[in-house]
file start39.tsv (TSV, C-alpha atoms)
chain	number	residue	atom	x	y	z
A	12	VAL	CA	-13.20	3.51	13.81
A	13	VAL	CA	-11.41	0.18	13.36
A	14	ILE	CA	-9.68	-1.03	16.54
A	15	SER	CA	-6.96	-3.68	16.41
A	16	SER	CA	-4.48	-5.08	18.92
A	17	GLN	CA	-1.07	-6.70	18.67
A	18	LYS	CA	0.72	-8.64	21.41
A	19	LYS	CA	4.31	-7.60	22.03
A	20	SER	CA	7.11	-10.13	21.96
A	21	PRO	CA	8.63	-10.49	25.46
A	22	GLY	CA	11.95	-8.70	25.89
A	23	GLN	CA	12.04	-7.26	22.38
A	24	GLY	CA	9.21	-4.75	22.29
A	25	ARG	CA	8.13	-5.95	18.87
A	26	SER	CA	4.62	-6.76	17.79
A	27	PHE	CA	3.36	-10.06	16.47
A	28	GLY	CA	0.15	-12.03	16.17
A	29	GLY	CA	-3.15	-10.81	14.77
A	30	TYR	CA	-5.99	-8.50	15.69
A	31	GLY	CA	-8.83	-8.47	18.14
A	32	GLY	CA	-9.53	-10.75	21.09
A	33	TYR	CA	-6.42	-12.39	22.57
A	34	GLY	CA	-4.29	-11.59	19.55
A	35	GLY	CA	-6.65	-13.36	17.14
A	36	ASP	CA	-7.60	-12.42	13.60
A	37	ASP	CA	-10.59	-10.15	14.29
A	38	GLU	CA	-11.01	-6.39	14.17
A	39	ILE	CA	-13.71	-4.46	15.97
A	40	GLN	CA	-15.34	-1.10	15.33
A	41	THR	CA	-16.36	1.67	17.68
A	42	ASP	CA	-20.03	2.46	18.14
A	43	ASP	CA	-21.70	5.80	17.39
A	44	THR	CA	-20.25	7.30	20.58
A	45	GLY	CA	-16.68	6.17	19.81
A	46	ALA	CA	-16.76	3.51	22.52
A	47	PHE	CA	-15.36	0.00	22.11
A	48	THR	CA	-14.66	-3.14	24.11
A	49	ILE	CA	-11.72	-5.36	23.31
A	50	GLU	CA	-10.71	-8.55	25.09
A	51	LEU	CA	-7.02	-8.92	25.93
A	52	ARG	CA	-5.32	-11.75	27.77
A	53	GLU	CA	-4.03	-10.91	31.25
A	54	GLY	CA	-0.31	-11.22	31.77
A	55	ASP	CA	0.63	-9.90	28.30
A	56	ALA	CA	1.55	-6.51	26.86
A	57	TYR	CA	-0.26	-5.10	23.82
A	58	SER	CA	-0.42	-2.15	21.49
A	59	VAL	CA	-3.94	-1.07	20.56
A	60	THR	CA	-4.32	0.86	17.29
A	61	ALA	CA	-7.23	2.91	15.95
A	62	THR	CA	-7.54	3.66	12.22
A	63	LEU	CA	-10.05	5.82	10.37
A	64	SER	CA	-9.40	7.86	7.22
A	65	PRO	CA	-8.71	10.78	7.01
A	66	TYR	CA	-7.27	10.60	10.54
A	67	LEU	CA	-3.77	9.37	11.26
A	68	PRO	CA	-3.44	5.95	12.92
A	69	ALA	CA	-3.09	6.22	16.69
A	70	THR	CA	-1.52	3.57	18.92
A	71	VAL	CA	-1.49	3.27	22.72
A	72	PRO	CA	0.32	0.65	24.81
A	73	VAL	CA	-1.60	-1.63	27.18
A	74	ASP	CA	0.50	-3.49	29.76
A	75	LEU	CA	-1.34	-6.37	31.43
A	76	THR	CA	1.76	-8.22	32.64
A	77	ALA	CA	1.03	-7.29	36.26
A	78	VAL	CA	-2.76	-7.47	36.04
A	79	LYS	CA	-4.61	-10.54	37.31
A	80	GLY	CA	-8.27	-10.68	36.37
A	81	LEU	CA	-8.85	-6.92	36.53
A	82	PRO	CA	-10.64	-5.36	33.52
A	83	ILE	CA	-9.44	-2.14	31.91
A	84	ALA	CA	-12.11	0.36	32.88
A	85	SER	CA	-11.15	3.10	30.42
A	86	LEU	CA	-8.74	3.44	27.51
A	87	GLU	CA	-8.73	6.70	25.57
A	88	ILE	CA	-7.20	6.94	22.09
A	89	ALA	CA	-6.77	10.43	20.64
A	90	MET	CA	-6.67	10.64	16.83
A	91	LYS	CA	-5.27	13.56	14.84
A	92	MET	CA	-6.58	14.69	11.46
A	93	GLY	CA	-4.14	13.97	8.63
A	94	SER	CA	-3.31	16.17	5.68
A	95	THR	CA	-4.74	15.95	2.16
A	96	ILE	CA	-2.69	15.86	-1.05
A	97	ARG	CA	-4.36	16.78	-4.35
A	98	GLY	CA	-2.62	16.42	-7.67
A	99	ILE	CA	-2.65	15.11	-11.20
A	100	VAL	CA	-0.84	12.36	-13.11
A	101	VAL	CA	0.08	13.13	-16.73
A	102	ARG	CA	2.21	11.67	-19.49
A	103	GLU	CA	5.66	13.17	-19.69
A	104	ASP	CA	5.75	13.39	-23.48
A	105	ASP	CA	2.41	15.09	-24.24
A	106	GLY	CA	0.99	16.20	-20.90
A	107	GLU	CA	-2.18	14.13	-21.34
A	108	PRO	CA	-3.88	13.01	-18.09
A	109	VAL	CA	-3.55	9.35	-17.10
A	110	LYS	CA	-6.69	7.61	-15.89
A	111	GLY	CA	-6.93	4.61	-13.57
A	112	VAL	CA	-3.41	4.37	-12.17
A	113	GLY	CA	-2.89	4.00	-8.43
A	114	VAL	CA	-1.27	6.65	-6.23
A	115	ARG	CA	0.14	5.96	-2.77
A	116	ALA	CA	2.17	7.93	-0.24
A	117	GLY	CA	5.05	6.34	1.66
A	118	SER	CA	7.56	7.52	4.23
A	119	GLY	CA	10.53	5.71	2.69
A	120	GLY	CA	12.19	5.31	-0.69
A	121	TRP	CA	10.91	1.73	-0.93
A	122	PHE	CA	7.34	2.89	-0.24
A	123	GLY	CA	7.13	0.41	2.57
A	124	GLY	CA	5.39	2.60	5.16
A	125	PHE	CA	2.40	4.45	3.83
A	126	GLY	CA	1.71	7.93	5.16
A	127	HIS	CA	-2.06	7.40	5.27
A	128	ALA	CA	-4.26	5.20	7.41
A	129	SER	CA	-3.90	1.93	5.50
A	130	ASP	CA	-2.98	0.41	2.15
A	131	ASP	CA	-6.68	0.41	1.30
A	132	ASP	CA	-6.56	4.22	1.19
A	133	ALA	CA	-4.43	4.17	-1.97
A	134	VAL	CA	-6.44	5.91	-4.67
A	135	LYS	CA	-6.84	5.67	-8.43
A	136	THR	CA	-6.73	8.67	-10.73
A	137	ALA	CA	-10.00	9.92	-12.21
A	138	ALA	CA	-10.75	10.42	-15.90
A	139	ASP	CA	-8.97	13.79	-15.78
A	140	GLY	CA	-5.89	12.24	-14.15
A	141	ARG	CA	-6.54	13.88	-10.78
A	142	PHE	CA	-6.21	12.21	-7.40
A	143	GLU	CA	-6.74	13.02	-3.73
A	144	LEU	CA	-4.94	11.30	-0.86
A	145	LYS	CA	-6.47	11.85	2.58
A	146	GLY	CA	-5.14	11.13	6.04
A	147	VAL	CA	-1.51	11.74	5.06
A	148	ALA	CA	1.18	12.34	7.67
A	149	SER	CA	3.16	15.58	7.58
A	150	GLY	CA	6.83	15.60	6.63
A	151	ILE	CA	8.81	14.23	3.70
A	152	LEU	CA	6.82	11.66	1.76
A	153	ASP	CA	7.37	9.72	-1.44
A	154	LEU	CA	4.45	9.53	-3.84
A	155	ALA	CA	4.40	6.44	-6.04
A	156	VAL	CA	2.27	5.89	-9.14
A	157	TYR	CA	1.39	2.23	-9.76
A	158	SER	CA	0.24	0.45	-12.86
A	159	SER	CA	-3.36	-0.68	-12.93
A	160	GLY	CA	-4.22	-4.27	-12.01
A	161	ASP	CA	-4.31	-6.26	-8.81
A	162	ASP	CA	-1.65	-5.94	-6.11
A	163	TYR	CA	0.20	-8.98	-7.44
A	164	GLN	CA	0.85	-7.30	-10.81
A	165	GLN	CA	1.32	-3.67	-9.79
A	166	GLN	CA	4.53	-1.92	-10.77
A	167	VAL	CA	5.92	1.49	-9.87
A	168	LEU	CA	5.66	3.75	-12.92
A	169	ALA	CA	6.83	7.05	-11.40
A	170	GLN	CA	7.94	8.52	-8.09
A	171	LYS	CA	7.86	12.02	-6.62
A	172	ARG	CA	9.11	13.27	-3.25
A	173	VAL	CA	7.09	15.99	-1.54
A	174	MET	CA	7.19	17.95	1.71
A	175	VAL	CA	3.82	18.09	3.44
A	176	LYS	CA	3.60	21.08	5.78
A	177	ARG	CA	-0.05	22.15	5.67
A	178	PRO	CA	-3.43	20.43	6.13
A	179	LEU	CA	-4.05	20.78	2.37
A	180	MET	CA	-1.37	20.42	-0.31
A	181	GLU	CA	-2.52	21.13	-3.87
A	182	GLY	CA	-1.00	21.33	-7.33
A	183	VAL	CA	1.15	18.19	-7.17
A	184	ARG	CA	2.04	17.09	-10.70
A	185	ILE	CA	3.48	13.64	-11.38
A	186	GLU	CA	4.75	12.91	-14.88
A	187	LEU	CA	4.91	9.38	-16.23
A	188	PRO	CA	7.85	8.55	-18.50
A	189	PRO	CA	7.13	6.83	-21.83
A	190	THR	CA	6.07	3.20	-21.49
A	191	GLY	CA	5.78	0.27	-23.85
A	192	ALA	CA	4.61	-3.32	-23.93
A	193	ILE	CA	6.42	-6.64	-23.93
A	194	ARG	CA	4.72	-9.55	-25.66
A	195	GLY	CA	6.05	-13.05	-26.14
A	196	VAL	CA	5.33	-16.75	-26.32
A	197	CYS	CA	6.59	-19.73	-24.30
A	198	LYS	CA	7.41	-22.94	-26.17
A	199	ASP	CA	8.93	-26.29	-25.33
A	200	ALA	CA	12.04	-27.78	-26.96
A	201	ASP	CA	9.94	-29.05	-29.87
A	202	GLY	CA	8.39	-25.65	-30.53
A	203	ALA	CA	4.96	-26.43	-29.08
A	204	PRO	CA	3.32	-23.59	-27.12
A	205	LEU	CA	3.14	-23.97	-23.35
A	206	ALA	CA	-0.06	-22.91	-21.62
A	207	TYR	CA	-0.39	-21.54	-18.06
A	208	VAL	CA	3.30	-20.86	-17.61
A	209	SER	CA	4.21	-18.31	-14.94
A	210	VAL	CA	6.33	-15.50	-16.44
A	211	VAL	CA	8.19	-12.99	-14.24
A	212	LEU	CA	9.58	-9.71	-15.57
A	213	GLN	CA	12.22	-8.11	-13.34
A	214	ASP	CA	14.10	-4.83	-13.60
A	215	ALA	CA	17.17	-3.63	-11.73
A	216	GLY	CA	15.45	-0.71	-9.93
A	217	PRO	CA	15.91	1.21	-7.78
A	218	PRO	CA	13.74	0.01	-6.27
A	219	PRO	CA	13.86	-3.37	-8.00
A	220	SER	CA	10.44	-4.61	-8.99
A	221	MET	CA	8.84	-7.69	-10.47
A	222	ARG	CA	5.72	-8.11	-12.53
A	223	HIS	CA	3.92	-11.38	-13.16
A	224	ALA	CA	1.91	-12.81	-16.03
A	225	GLN	CA	0.61	-16.18	-17.14
A	226	THR	CA	0.58	-17.61	-20.64
A	227	ASP	CA	-2.74	-18.33	-22.31
A	228	ALA	CA	-3.75	-21.55	-24.07
A	229	GLN	CA	-1.49	-20.61	-27.03
A	230	GLY	CA	1.51	-19.83	-24.79
A	231	ASN	CA	1.21	-16.05	-25.26
A	232	PHE	CA	1.93	-13.52	-22.52
A	233	THR	CA	1.82	-9.70	-22.33
A	234	PHE	CA	3.23	-7.03	-20.02
A	235	ASP	CA	1.66	-3.59	-20.55
A	236	SER	CA	2.69	-0.14	-19.29
A	237	ILE	CA	6.37	-1.05	-18.99
A	238	PRO	CA	8.77	1.90	-18.45
A	239	GLU	CA	11.85	2.19	-20.63
A	240	GLY	CA	14.76	0.17	-19.32
A	241	LYS	CA	16.44	-3.23	-19.24
A	242	TYR	CA	14.58	-6.29	-17.98
A	243	GLN	CA	15.01	-10.00	-17.45
A	244	ALA	CA	12.20	-12.48	-18.04
A	245	TYR	CA	11.87	-15.81	-16.24
A	246	ALA	CA	9.42	-18.61	-17.06
A	247	THR	CA	8.47	-21.45	-14.73
call {"tool": "encode", "arguments": {"input": "start39.tsv", "output": "C-alpha cells"}}
result
Amino acid sequence: VVISSQKKSPGQGRSFGGYGGYGGDDEIQTDDTGAFTIELREGDAYSVTATLSPYLPATVPVDLTAVKGLPIASLEIAMKMGSTIRGIVVREDDGEPVKGVGVRAGSGGWFGGFGHASDDDAVKTAADGRFELKGVASGILDLAVYSSGDDYQQQVLAQKRVMVKRPLMEGVRIELPPTGAIRGVCKDADGAPLAYVSVVLQDAGPPPSMRHAQTDAQGNFTFDSIPEGKYQAYAT
C-alpha cells in the first residue's frame, strides 16, 4: 500500500506540499503486515492517504498542532474494495473492436477526478477492444476513451456516463465516432519548410481539448485519430 501525506494550509483546510516525511516528495509503502511509519512535523495538520488498486483511496486527518514531541503510537486506515467495470470499445460505423486506446473513469464531466485509485490505473483496450477498470467508486461516473500516445498528446475520443451500483459492472459498450487525420506542413514567408515547430490543434469541446505535434525536418506534421468537427491550428 502506498502511503502519502499532505500538509493542510492554516485556516483554509486545503492541502498543499508533497508526500512523505515533513511534506517532502517521498512516498512510503506498508510492509507485509500492513504497518508503516511516516514522519510528520509537530505543530502542523496533515491528511494521510493510502492507495492500492483495486481498493478505493482512504484518507485520515492527523492533527499535530497541539502535539510537542510526542510520536503517534497508532494510526489505522481502513480501505474499502472498489467496484470493477468491464466493457468493450468499438467503432460506431462498423462495430469493429478498437485496440490500444485508453479508458478512464471520472466523477465529473471534465474527467478531472478519477473514480479509481490513481491516474496510473487507467487501462488500454486489448486486441479484442475489451477493458477492465478496477477500484472504481460507486455512483455516477463518466467513462472517457483517450487516443493512444503519451499524456501530452492524448485526446478524448468518446464519453459515456454510467451508474455503478454493484461490485461488478459488465457489458459496457463505448462506441467511437468516425475519425480522420490532419496532415500539413509549416513554411516560412519564402516557402521554405520549418523544422521542429510546435503545432497545437484545438477544438471547441465540450470539453475543449488540445493536441500537440512537432514538425519533422521537412516541416511536416500529422494528427491522427481526430473526431469529426471544427478545429483551429496554431504554430509556434
call {"tool": "closest_atom_pairs", "arguments": {"input": "start39.tsv", "of": "segment 188-226 of chain A", "to": "segment 237-240 of chain A", "cutoff": "10 Å", "atoms": "all atoms listed in the file", "output": "JSON lines"}}
result
{"residue": "A:Pro188", "atom": "CA", "partner": "A:Pro238", "partner_atom": "CA", "distance": 6.7}
{"residue": "A:Pro189", "atom": "CA", "partner": "A:Pro238", "partner_atom": "CA", "distance": 6.2}
{"residue": "A:Thr190", "atom": "CA", "partner": "A:Pro238", "partner_atom": "CA", "distance": 4.3}
{"residue": "A:Gly191", "atom": "CA", "partner": "A:Ile237", "partner_atom": "CA", "distance": 5.1}
{"residue": "A:Ala192", "atom": "CA", "partner": "A:Ile237", "partner_atom": "CA", "distance": 5.7}
{"residue": "A:Ile193", "atom": "CA", "partner": "A:Ile237", "partner_atom": "CA", "distance": 7.5}
{"residue": "A:Leu212", "atom": "CA", "partner": "A:Ile237", "partner_atom": "CA", "distance": 9.8}
{"residue": "A:Asp214", "atom": "CA", "partner": "A:Gly240", "partner_atom": "CA", "distance": 7.6}
{"residue": "A:Ala215", "atom": "CA", "partner": "A:Gly240", "partner_atom": "CA", "distance": 8.8}
{"residue": "A:Gly216", "atom": "CA", "partner": "A:Gly240", "partner_atom": "CA", "distance": 9.5}
{"residue": "A:Arg222", "atom": "CA", "partner": "A:Ile237", "partner_atom": "CA", "distance": 9.6}
call {"tool": "closest_residue", "arguments": {"input": "start39.tsv", "among": "A:Gln213, A:Ser236, A:Gln225, A:Asn231", "to": "Ala169 of chain A", "atoms": "only C-alpha atoms"}}
result
A:Ser236
call {"tool": "atom_distance", "arguments": {"input": "start39.tsv", "atom1": "atom CA of Ile151 of chain A", "atom2": "atom CA of Val175 of chain A"}}
result
6.3 Å
call {"tool": "residues_around", "arguments": {"input": "start39.tsv", "residues": "segment 179-182 of chain A", "least_positions_apart": "4", "cutoff": "12 Å", "atoms": "only C-alpha atoms", "output": "mmCIF file with C-alpha atoms, in the frame of the given file"}}
result
data_model
loop_
_atom_site.group_PDB
_atom_site.id
_atom_site.type_symbol
_atom_site.label_atom_id
_atom_site.label_comp_id
_atom_site.auth_asym_id
_atom_site.auth_seq_id
_atom_site.Cartn_x
_atom_site.Cartn_y
_atom_site.Cartn_z
ATOM 1 C CA PRO A 65 -8.710 10.780 7.010
ATOM 2 C CA MET A 92 -6.580 14.690 11.460
ATOM 3 C CA GLY A 93 -4.140 13.970 8.630
ATOM 4 C CA SER A 94 -3.310 16.170 5.680
ATOM 5 C CA THR A 95 -4.740 15.950 2.160
ATOM 6 C CA ILE A 96 -2.690 15.860 -1.050
ATOM 7 C CA ARG A 97 -4.360 16.780 -4.350
ATOM 8 C CA GLY A 98 -2.620 16.420 -7.670
ATOM 9 C CA ILE A 99 -2.650 15.110 -11.200
ATOM 10 C CA VAL A 100 -0.840 12.360 -13.110
ATOM 11 C CA ARG A 141 -6.540 13.880 -10.780
ATOM 12 C CA PHE A 142 -6.210 12.210 -7.400
ATOM 13 C CA GLU A 143 -6.740 13.020 -3.730
ATOM 14 C CA LEU A 144 -4.940 11.300 -0.860
ATOM 15 C CA LYS A 145 -6.470 11.850 2.580
ATOM 16 C CA GLY A 146 -5.140 11.130 6.040
ATOM 17 C CA VAL A 147 -1.510 11.740 5.060
ATOM 18 C CA ALA A 148 1.180 12.340 7.670
ATOM 19 C CA SER A 149 3.160 15.580 7.580
ATOM 20 C CA GLY A 150 6.830 15.600 6.630
ATOM 21 C CA VAL A 173 7.090 15.990 -1.540
ATOM 22 C CA MET A 174 7.190 17.950 1.710
ATOM 23 C CA VAL A 175 3.820 18.090 3.440
#
call {"tool": "closest_residue", "arguments": {"input": "start39.tsv", "among": "A:Ala246, A:Leu75, A:Met221, A:Ile39", "to": "Gly195 of chain A", "atoms": "all atoms listed in the file"}}
result
A:Ala246
call {"tool": "atom_distance", "arguments": {"input": "start39.tsv", "atom1": "atom CA of Leu51 of chain A", "atom2": "atom CA of Ser15 of chain A"}}
result
10.9 Å
call {"tool": "residues_around", "arguments": {"input": "start39.tsv", "residues": "Leu187 of chain A", "least_positions_apart": "3", "cutoff": "7 Å", "atoms": "only C-alpha atoms", "output": "short mmCIF file (atom, residue, chain, number, x, y, z; two decimals) with C-alpha atoms, in the coordinates of the input"}}
result
data_model
loop_
_atom_site.label_atom_id
_atom_site.label_comp_id
_atom_site.auth_asym_id
_atom_site.auth_seq_id
_atom_site.Cartn_x
_atom_site.Cartn_y
_atom_site.Cartn_z
CA VAL A 101 0.08 13.13 -16.73
CA ARG A 102 2.21 11.67 -19.49
CA GLU A 103 5.66 13.17 -19.69
CA LEU A 168 5.66 3.75 -12.92
CA ALA A 169 6.83 7.05 -11.40
#
call {"tool": "closest_residue", "arguments": {"input": "start39.tsv", "among": "A:Cys197, A:Thr60, A:Val112, A:Leu205", "to": "Ile88 of chain A", "atoms": "only C-alpha atoms"}}
result
A:Thr60
call {"tool": "atom_distance", "arguments": {"input": "start39.tsv", "atom1": "atom CA of Asp153 of chain A", "atom2": "atom CA of Val167 of chain A"}}
result
11.9 Å
call {"tool": "residues_around", "arguments": {"input": "start39.tsv", "residues": "Ala203 of chain A", "least_positions_apart": "2", "cutoff": "12 Å", "atoms": "all atoms listed in the file", "output": "PyMOL selection string"}}
result
chain A and resi 196-201+205-206+228-231
call {"tool": "write_last_selection", "arguments": {"input": "start39.tsv", "atoms": "C-alpha atoms", "output": "PDB file, in the coordinates of the input"}}
result
ATOM      1  CA  VAL A 196       5.330 -16.750 -26.320  1.00  0.00           C
ATOM      2  CA  CYS A 197       6.590 -19.730 -24.300  1.00  0.00           C
ATOM      3  CA  LYS A 198       7.410 -22.940 -26.170  1.00  0.00           C
ATOM      4  CA  ASP A 199       8.930 -26.290 -25.330  1.00  0.00           C
ATOM      5  CA  ALA A 200      12.040 -27.780 -26.960  1.00  0.00           C
ATOM      6  CA  ASP A 201       9.940 -29.050 -29.870  1.00  0.00           C
ATOM      7  CA  LEU A 205       3.140 -23.970 -23.350  1.00  0.00           C
ATOM      8  CA  ALA A 206      -0.060 -22.910 -21.620  1.00  0.00           C
ATOM      9  CA  ALA A 228      -3.750 -21.550 -24.070  1.00  0.00           C
ATOM     10  CA  GLN A 229      -1.490 -20.610 -27.030  1.00  0.00           C
ATOM     11  CA  GLY A 230       1.510 -19.830 -24.790  1.00  0.00           C
ATOM     12  CA  ASN A 231       1.210 -16.050 -25.260  1.00  0.00           C
TER      13      ASN A 231
END
call {"tool": "residues_near_point", "arguments": {"input": "start39.tsv", "point": "(-8.8, 8.7, 17.3)", "cutoff": "7 Å", "atoms": "only C-alpha atoms", "output": "mmCIF file with C-alpha atoms, in the coordinates of the input"}}
result
data_model
loop_
_atom_site.group_PDB
_atom_site.id
_atom_site.type_symbol
_atom_site.label_atom_id
_atom_site.label_comp_id
_atom_site.auth_asym_id
_atom_site.auth_seq_id
_atom_site.Cartn_x
_atom_site.Cartn_y
_atom_site.Cartn_z
ATOM 1 C CA ALA A 61 -7.230 2.910 15.950
ATOM 2 C CA ALA A 69 -3.090 6.220 16.690
ATOM 3 C CA ILE A 88 -7.200 6.940 22.090
ATOM 4 C CA ALA A 89 -6.770 10.430 20.640
ATOM 5 C CA MET A 90 -6.670 10.640 16.830
ATOM 6 C CA LYS A 91 -5.270 13.560 14.840
#
call {"tool": "closest_residue", "arguments": {"input": "start39.tsv", "among": "A:Glu50, A:Asp55, A:Glu87, A:Asp43", "to": "Thr70 of chain A", "atoms": "only C-alpha atoms"}}
result
A:Glu87
call {"tool": "closest_residue", "arguments": {"input": "start39.tsv", "among": "A:Val109, A:Arg172, A:Asp139, A:Thr62", "to": "Leu154 of chain A", "atoms": "all atoms listed in the file"}}
result
A:Arg172
call {"tool": "closest_residue", "arguments": {"input": "start39.tsv", "among": "A:Asp74, A:Lys171, A:Val210, A:Asp235", "to": "Tyr57 of chain A", "atoms": "only C-alpha atoms"}}
result
A:Asp74
